[in-house]
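Novice: Here you go, one structure.
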Amino acid sequence: MPATRTQLRSMKGAINGHKTITLTASIVQEEMQDLSDCKMHYPLSETECNALKRVTPHRWAVYDFTRTIPCGRVTTYKDICVALGQGLPRSVGSTLRNNPFVPFVPCHRTIASNLYIGGFFGEWGTGANARGGQKNTGLQCNRKMEMLAQEGVEFSANGYLADESLLWAARG
């Protein structure tokens with residue numbers, strides 16, 4: 001399903017002395033986009049990072065590492081911990097669940113260490129495997145699987161990585 005981007009465009013005309021603003025929506029193509037070209041501001045200097053006090057040094061490390069996961073590859077929450085030399089898989093999952101830099105930090109490229117699809121937007125698993133009570137529909141993880149499929153990463157019907165050669169285990 002293509003995403004919709006909303007754009008504000010300023011018009012030359014004015015109504016009652018006020019500049020008019022036109023809101024237009026455009027469909028984003030389903031082809032893969034290079035996230036390095038993303039126009040989102042991602043703070044890189046220590047001064048900018050300190051301005052966002054709610055983001056801890058551990059979270060910055062997770063976001064910085066996750067940015068390096070190549071398109072069409074996945075890594076595990078545990079591999080991120082090993083590469084960083086800090087944290088636990090649950091802390092990585094919590095950090096990615098609260099990712100304020102989507103899509104610049106591609107959190108959808110992280111899966112469980114048993115190669116299961118894992119979580120996405122606070123839900124864990126798909127269909128009958130979904131955990132978290134009634135509020136967990138499994139739809140978010142299905143969305144994660146669709147995003148990864150667009151990148152060439154396929155999962156079995158029960159949510160496990162189909163091709164282990166796509167597992168990326170770089171060390172930080």
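Residue numbers start at 1 in each chain; chains themselves are named A, B, ... in the order of the structure tokens; ligands are numbered from 1 in the order shown.
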If you count only C-alpha atoms, which residues fall within 6 Å of range 147-164 of chain A, apart from same-chain ones fewer than 3 positions away, as a PyMOL selection string?
Specialist: chain A and resi 72+115-117+144+167
Novice: Restrict the selected residues to N, CA, C and O atoms and save them as a PDB file, in the first residue's frame.
Specialist:
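The result, written out as result-v7.pdb:
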ATOM      1  N   GLY A  72      17.197  -4.568   2.258  1.00  0.00           N
ATOM      2  CA  GLY A  72      17.177  -5.952   1.811  1.00  0.00           C
ATOM      3  C   GLY A  72      17.862  -6.912   2.761  1.00  0.00           C
ATOM      4  O   GLY A  72      18.043  -8.085   2.442  1.00  0.00           O
ATOM      5  N   LEU A 115      14.903 -15.705  14.485  1.00  0.00           N
ATOM      6  CA  LEU A 115      14.561 -15.328  13.107  1.00  0.00           C
ATOM      7  C   LEU A 115      13.057 -15.154  12.892  1.00  0.00           C
ATOM      8  O   LEU A 115      12.584 -15.139  11.764  1.00  0.00           O
ATOM      9  N   TYR A 116      12.316 -14.981  13.983  1.00  0.00           N
ATOM     10  CA  TYR A 116      10.884 -14.675  13.908  1.00  0.00           C
ATOM     11  C   TYR A 116      10.720 -13.186  13.599  1.00  0.00           C
ATOM     12  O   TYR A 116      11.579 -12.380  13.971  1.00  0.00           O
ATOM     13  N   ILE A 117       9.641 -12.810  12.981  1.00  0.00           N
ATOM     14  CA  ILE A 117       9.412 -11.418  12.568  1.00  0.00           C
ATOM     15  C   ILE A 117       9.564 -10.434  13.728  1.00  0.00           C
ATOM     16  O   ILE A 117       9.988  -9.305  13.546  1.00  0.00           O
ATOM     17  N   LYS A 144       4.981  -4.866   8.799  1.00  0.00           N
ATOM     18  CA  LYS A 144       6.439  -4.992   8.815  1.00  0.00           C
ATOM     19  C   LYS A 144       6.886  -6.025   7.775  1.00  0.00           C
ATOM     20  O   LYS A 144       7.838  -5.796   7.025  1.00  0.00           O
ATOM     21  N   LEU A 167      20.388 -12.385   6.709  1.00  0.00           N
ATOM     22  CA  LEU A 167      20.691 -11.930   8.071  1.00  0.00           C
ATOM     23  C   LEU A 167      22.012 -11.182   8.052  1.00  0.00           C
ATOM     24  O   LEU A 167      23.038 -11.691   7.619  1.00  0.00           O
TER      25      LEU A 167
END
Novice: Sorted by chain and rising residue number, list the residues of range 53-82 of chain A at most 8 Å from range 103-112 of chain A (counting only C-alpha atoms), each with its closest atom pair and distance in Å to one decimal, as a tab-separated table.
Specialist:
residue	atom	partner	partner_atom	distance
A:Tyr63	CA	A:Val105	CA	6.1
A:Asp64	CA	A:Val105	CA	7.7
A:Thr66	CA	A:Val105	CA	6.1
A:Arg67	CA	A:Val105	CA	4.9
A:Ile69	CA	A:Arg109	CA	7.1
A:Arg73	CA	A:Arg109	CA	6.8
A:Val74	CA	A:Arg109	CA	4.7
A:Thr75	CA	A:Thr110	CA	5.0
A:Thr76	CA	A:Ile111	CA	4.7
A:Tyr77	CA	A:Ala112	CA	6.0
A:Lys78	CA	A:Ala112	CA	7.6
Novice: Quick one: pull the distance between CA of Cys81 in chain A and CA of Ser94 in chain A, Å, one decimal.
Specialist: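 Straight-line distance from CA of Cys81 in chain A to CA of Ser94 in chain A works out to 12.6 Å.
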Novice: Could you tell me how far CA of Arg59 in chain A sits from CA of Gly122 in chain A, in Å to one decimal place?
Specialist: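 So the answer is 16.6 Å.
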Novice: Take CA of Val102 in chain A and CA of Asn114 in chain A and report the distance between them in Å, one decimal.
Specialist: 24.7 Å
